[in-house]
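Read the structure below first, then the notes.
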Amino acid sequence: MRKYQNRIVIKVGTSTLTNDIGQNDLRSFDRLACVLSDLQNMGYEIILVSSGAIAIGTNKLQRKTRPAGMPLKQAAAAIGQCSLMHLYDKFFNDYDKTIAQILLNAEDMEVEGKKENLINTFGALLEMGIIPVVNENDSVSYTEIESADRLFGDNDMLSAVVAVLCKAQKLIIMSDVDGFFDLDPRLHPNAKRLECITSIGEEIKTLAGGAGSRRGTGGMKTKLQAAELATMQGIDTVIINGKNPSALYKIMKGEKVGTLFVGKQQ
Ligand SMILES: Nc1ncnc2c1ncn2[C@@H]1O[C@H](COP(=O)(O)OP(=O)(O)O)[C@@H](O)[C@H]1O
Ligand SMILES: N[C@@H](CCC(=O)OP(=O)(O)O)C(=O)O
C-alpha cells in the first residue's frame with residue numbers, strides 16, 4: 001500500500017482524557033492539543049481518533065459509574081460527544097487550529113460508496129489544514145459499545161481502520177501505561193516493557209490483558225488487534241503513555257519510545 005509519508009493517526013483513550021475520579025483531565029487535553037498543533041505546524045497531517053464520550057457524558061450527568069443499560073450508555077455518549085468536541089475546539093483554538101468531527105462505525109467502511117465518501121472527506125479536510133477528530137457513532141451502533149468479540153467494538157480497532165483507510169504512515173495509540181508489557185503493569189509492578197515487536201504471534205497475544213481502569217475498555221487486547229491490522233498493511237504502530245504527548249516528537253525522529261510494532265514490508 002502506498003502511504004502518505006507525513007500522515008499520522010493518533011488515538012487517545014478515555015483513561016488519558018479523564019482522571020481517577022472520572023472528571024475531565026484538562027491538562028491532558030491541553031498538552032495533546034499543543035503537541036498535535038505543533039506537529040501540524042511542522043508539516044505533518046494529523047488525524048485524531050478520540051474516545052471519552054461515554055465517560056464525559058456520565059460525568060456531565062453527575063453519575064459516579066458508567067450507566068449499565070444500552071439506551072443510557074448511548075445517551076451518555078450523545079451528551080458527552082458535545083462536551084468532548086467543545087473541549088477540543090477550545091484547546092485547539094488556542095493554538096490556531098480548526099478541527100472537524102467525524103463519527104463513524106466500522107461497517108461504514110465496508111460499503112464502497114460510503115468508504116469513498118469518507119476518503120474524500122478526510123482528504124479535503126487535511127488539504128485545508130484541518131484536524132479531523134474521529135469517534136465511533138455510539139448513539140446509532142450498539143455493537144460498537146458492546147459487541148461480544150469487540151473486534152470492531154472499540155476505538156483502538158477503529159483507529160487502525162482509519163489509518164489503513166487514510167494510508168497513514170504511522171498509528172500512535174495513547175494509553176495510561178508506557179507501552180506493551182510482558183504482564184499487565186497495573187497488576188504486576190515488575191512487568192517489563194517490550195520496546196519493539198516485529199511479529200504479533202500467539203506468544204505475544206497471550207501477554208495482552210483487558211482494561212486497566214473502569215473507564216477504559218478493551219485493554220491491551222484491542223490495542224494488539226489494532227496493531228496487527230495496521231502492521232499487516234505496513235503501518236508502524238506505537239503504543240505510548242498519553243500523559244506525555246511530547247513523546248510524539250521523539251517518535252517522529254525515529255527514537256525509541258513506548259512499544260513499536262513494526263509494519264510489514266509491502
Ligand atoms: N500486557 C499489557 N501491557 C500493558 N498494559 C496492559 C497489558 N495487559 C493489560 N493491560 C492494561 O491495559 C490498560 C490500558 O487499556 P484501557 O484500560 O482500555 O485504556 P485506554 O482508555 O487507554 O484504551 C492498562 O491500564 C493496563 O492495565
Ligand atoms: N466511543 C466510546 C469509546 C470506547 C473505547 O474504545 O474507549 P477506550 O478504551 O477508552 O478507547 C466513547 O467515546 O466513549
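Starting from 1 in every chain, residues are counted up; chains themselves are A, B, ... following the order of the C-alpha cells, and ligands are numbered from 1 as listed.
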
Within 7 Å of stretch 26-43 of chain A, which residues of stretch 65-166 of chain A come that close, and what is the closest atom pair and distance in Å for each? Count only C-alpha atoms and give it as a tab-separated table.
```
residue	atom	partner	partner_atom	distance
A:Phe91	CA	A:Asp30	CA	5.8
A:Phe92	CA	A:Ala33	CA	5.3
A:Tyr95	CA	A:Ser37	CA	6.4
A:Lys97	CA	A:Ser37	CA	6.7
```

Collect all residues with atoms no farther than 6 Å from ligand 1, counting only C-alpha atoms and all ligand atoms, and output them as a ChimeraX atom specification.
/A:13-15,175-177,179-186,207-213,216-220

In Å to one decimal, how far is atom CA of A:Met174 from atom CA of A:Ala77?
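Going from atom CA of A:Ala77 over to atom CA of A:Met174 covers 20.4 Å.
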
Show me, as a list in words, the residues that have an atom within 12 Å of A:Ala247 when counting only C-alpha atoms, minus same-chain residues fewer than 2 positions from it.
Arg31, Leu32, Val35, Leu36, Leu39, Ile172, Ile173, Met174, Asp178, Gly179, Val238, Ile239, Ile240, Asn241, Gly242, Lys243, Asn244, Pro245, Tyr249, Lys250, Ile251, Met252, Lys253, Gly254, Glu255, Lys256, Val257, Gly258 and Thr259 of chain A

Can you list every residue in stretch 12-242 of chain A that DSSP puts in alpha helix (DSSP H), as a ChimeraX atom specification?
/A:14-17,26-41,53-60,70-94,112-127,142-146,155-165,202-205,219-232

Kindly compile the residues surrounding ligand 2 within 8 Å, counting only C-alpha atoms and all ligand atoms, and format them as a PyMOL selection string.
chain A and resi 11-16+50-56+77+80-81+135-138+144-145+153-156+211+215-219

Run DSSP on the backbone and grab whatever in stretch 55-222 of chain A lands in strand (DSSP E or B); send it over as a tab-separated table (two decimals) with N, CA and C atoms, in the first residue's frame.
```tsv
chain	number	residue	atom	x	y	z
A	99	ILE	N	-10.73	22.23	13.96
A	99	ILE	CA	-10.96	20.78	13.99
A	99	ILE	C	-12.30	20.46	13.32
A	100	ALA	N	-12.51	19.17	13.03
A	100	ALA	CA	-13.77	18.74	12.42
A	100	ALA	C	-14.16	17.41	13.03
A	101	GLN	N	-15.45	17.21	13.25
A	101	GLN	CA	-15.90	15.94	13.85
A	101	GLN	C	-16.30	14.93	12.78
A	102	ILE	N	-15.77	13.71	12.90
A	102	ILE	CA	-16.23	12.62	12.03
A	102	ILE	C	-16.65	11.46	12.93
A	103	LEU	N	-17.94	11.13	12.89
A	103	LEU	CA	-18.44	9.99	13.66
A	103	LEU	C	-18.71	8.86	12.69
A	104	LEU	N	-18.12	7.70	12.95
A	104	LEU	CA	-18.35	6.61	12.01
A	104	LEU	C	-18.26	5.26	12.71
A	131	ILE	N	-7.88	19.52	11.39
A	131	ILE	CA	-7.58	18.27	12.10
A	131	ILE	C	-8.89	17.50	12.35
A	132	PRO	N	-9.09	16.37	11.62
A	132	PRO	CA	-10.30	15.59	11.88
A	132	PRO	C	-10.22	14.88	13.23
A	133	VAL	N	-11.31	14.94	13.98
A	133	VAL	CA	-11.40	14.23	15.26
A	133	VAL	C	-12.49	13.17	15.10
A	134	VAL	N	-12.06	11.90	15.20
A	134	VAL	CA	-12.95	10.77	14.88
A	134	VAL	C	-13.38	10.05	16.16
A	135	ASN	N	-14.63	9.65	16.21
A	135	ASN	CA	-15.08	8.73	17.26
A	135	ASN	C	-16.09	7.78	16.66
A	136	GLU	N	-16.35	6.69	17.35
A	136	GLU	CA	-17.43	5.79	16.92
A	136	GLU	C	-18.75	6.55	17.02
A	168	ALA	N	-2.13	6.10	6.23
A	168	ALA	CA	-1.22	6.82	7.13
A	168	ALA	C	0.13	6.13	7.20
A	169	GLN	N	1.14	6.92	7.56
A	169	GLN	CA	2.47	6.35	7.70
A	169	GLN	C	2.62	5.68	9.06
A	170	LYS	N	1.99	6.27	10.08
A	170	LYS	CA	2.11	5.74	11.44
A	170	LYS	C	0.77	5.80	12.16
A	171	LEU	N	0.61	4.84	13.08
A	171	LEU	CA	-0.52	4.87	14.01
A	171	LEU	C	0.07	4.93	15.42
A	172	ILE	N	-0.36	5.94	16.19
A	172	ILE	CA	0.12	6.05	17.57
A	172	ILE	C	-1.08	5.85	18.49
A	173	ILE	N	-0.99	4.89	19.38
A	173	ILE	CA	-2.09	4.65	20.33
A	173	ILE	C	-1.65	5.10	21.72
A	174	MET	N	-2.36	6.10	22.24
A	174	MET	CA	-2.01	6.63	23.57
A	174	MET	C	-2.88	5.97	24.62
A	175	SER	N	-2.23	5.50	25.67
A	175	SER	CA	-2.99	4.86	26.74
A	175	SER	C	-2.52	5.40	28.09
A	181	PHE	N	3.56	-4.41	27.85
A	181	PHE	CA	4.43	-5.07	28.82
A	181	PHE	C	4.28	-6.60	28.73
A	193	ARG	N	8.54	-3.57	29.99
A	193	ARG	CA	8.02	-3.05	28.72
A	193	ARG	C	8.79	-3.68	27.56
A	196	CYS	N	10.22	-3.33	21.13
A	196	CYS	CA	9.97	-3.48	19.69
A	196	CYS	C	9.44	-4.88	19.41
A	197	ILE	N	8.33	-4.93	18.71
A	197	ILE	CA	7.73	-6.23	18.37
A	197	ILE	C	7.63	-6.32	16.85
```

So which one's closest to A:Ala76, A:Asn59, A:Thr231, A:Thr98, A:Asn190? Using only C-alpha atoms, please.
A:Asn59

Who sits within 10 Å of A:Met109, only C-alpha atoms, same chain under 3 positions skipped, as a PyMOL selection string
chain A and resi 104-106+112-119+161-162+165

Grab the residues selected above and save them as a PDB file, in the first residue's frame with N, CA and C atoms.
```
ATOM      1  N   LEU A 104     -18.115   7.704  12.951  1.00  0.00           N
ATOM      2  CA  LEU A 104     -18.352   6.608  12.012  1.00  0.00           C
ATOM      3  C   LEU A 104     -18.261   5.261  12.708  1.00  0.00           C
ATOM      4  N   ASN A 105     -18.766   4.259  12.013  1.00  0.00           N
ATOM      5  CA  ASN A 105     -18.711   2.892  12.520  1.00  0.00           C
ATOM      6  C   ASN A 105     -17.942   2.041  11.520  1.00  0.00           C
ATOM      7  N   ALA A 106     -17.344   0.980  12.043  1.00  0.00           N
ATOM      8  CA  ALA A 106     -16.503   0.146  11.181  1.00  0.00           C
ATOM      9  C   ALA A 106     -17.269  -0.327   9.952  1.00  0.00           C
ATOM     10  N   GLU A 112     -18.914   0.355  -0.196  1.00  0.00           N
ATOM     11  CA  GLU A 112     -17.985   1.010  -1.126  1.00  0.00           C
ATOM     12  C   GLU A 112     -18.243   2.520  -1.277  1.00  0.00           C
ATOM     13  N   GLY A 113     -19.509   2.898  -1.473  1.00  0.00           N
ATOM     14  CA  GLY A 113     -19.833   4.325  -1.664  1.00  0.00           C
ATOM     15  C   GLY A 113     -19.463   5.153  -0.451  1.00  0.00           C
ATOM     16  N   LYS A 114     -19.794   4.612   0.734  1.00  0.00           N
ATOM     17  CA  LYS A 114     -19.517   5.342   1.978  1.00  0.00           C
ATOM     18  C   LYS A 114     -18.009   5.474   2.179  1.00  0.00           C
ATOM     19  N   LYS A 115     -17.297   4.390   1.857  1.00  0.00           N
ATOM     20  CA  LYS A 115     -15.843   4.379   2.025  1.00  0.00           C
ATOM     21  C   LYS A 115     -15.201   5.488   1.176  1.00  0.00           C
ATOM     22  N   GLU A 116     -15.655   5.576  -0.083  1.00  0.00           N
ATOM     23  CA  GLU A 116     -15.131   6.604  -0.983  1.00  0.00           C
ATOM     24  C   GLU A 116     -15.397   7.992  -0.414  1.00  0.00           C
ATOM     25  N   ASN A 117     -16.652   8.188   0.067  1.00  0.00           N
ATOM     26  CA  ASN A 117     -17.016   9.487   0.640  1.00  0.00           C
ATOM     27  C   ASN A 117     -16.117   9.853   1.810  1.00  0.00           C
ATOM     28  N   LEU A 118     -15.871   8.850   2.656  1.00  0.00           N
ATOM     29  CA  LEU A 118     -15.023   9.089   3.832  1.00  0.00           C
ATOM     30  C   LEU A 118     -13.612   9.485   3.414  1.00  0.00           C
ATOM     31  N   ILE A 119     -13.060   8.737   2.457  1.00  0.00           N
ATOM     32  CA  ILE A 119     -11.696   9.035   1.983  1.00  0.00           C
ATOM     33  C   ILE A 119     -11.648  10.472   1.457  1.00  0.00           C
ATOM     34  N   VAL A 161      -8.386   0.989  11.493  1.00  0.00           N
ATOM     35  CA  VAL A 161      -9.177   1.009  10.256  1.00  0.00           C
ATOM     36  C   VAL A 161      -9.024   2.381   9.571  1.00  0.00           C
ATOM     37  N   VAL A 162      -9.042   3.446  10.366  1.00  0.00           N
ATOM     38  CA  VAL A 162      -8.883   4.802   9.811  1.00  0.00           C
ATOM     39  C   VAL A 162      -7.472   4.973   9.239  1.00  0.00           C
ATOM     40  N   LEU A 165      -7.450   3.198   5.961  1.00  0.00           N
ATOM     41  CA  LEU A 165      -8.287   3.937   5.001  1.00  0.00           C
ATOM     42  C   LEU A 165      -7.566   5.184   4.481  1.00  0.00           C
TER      43      LEU A 165
END
```

Work out how far apart atom CA of A:Asn6 and atom CA of A:Leu126 are and give it in Å to one decimal.
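Spanning atom CA of A:Asn6 to atom CA of A:Leu126 is a straight-line distance of 11.2 Å.
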
Which of A:Ala227, A:Met157, A:Leu248, A:Val49 sits closest to A:Met85 [using only C-alpha atoms]:
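Closest to A:Met85, using only C-alpha atoms: A:Val49.
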
Could you state the separation of atom CA of A:Tyr88 and atom CA of A:Ala68 in Å, given to one decimal place?
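Going from atom CA of A:Tyr88 over to atom CA of A:Ala68 covers 27.0 Å.
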
Point out the residue among A:Ile21, A:Val111, A:Val262, A:Cys166 with the least atom-to-atom distance to A:Thr198, counting only C-alpha atoms.
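Once distances to A:Thr198 are computed over only C-alpha atoms, the minimum belongs to A:Val262.
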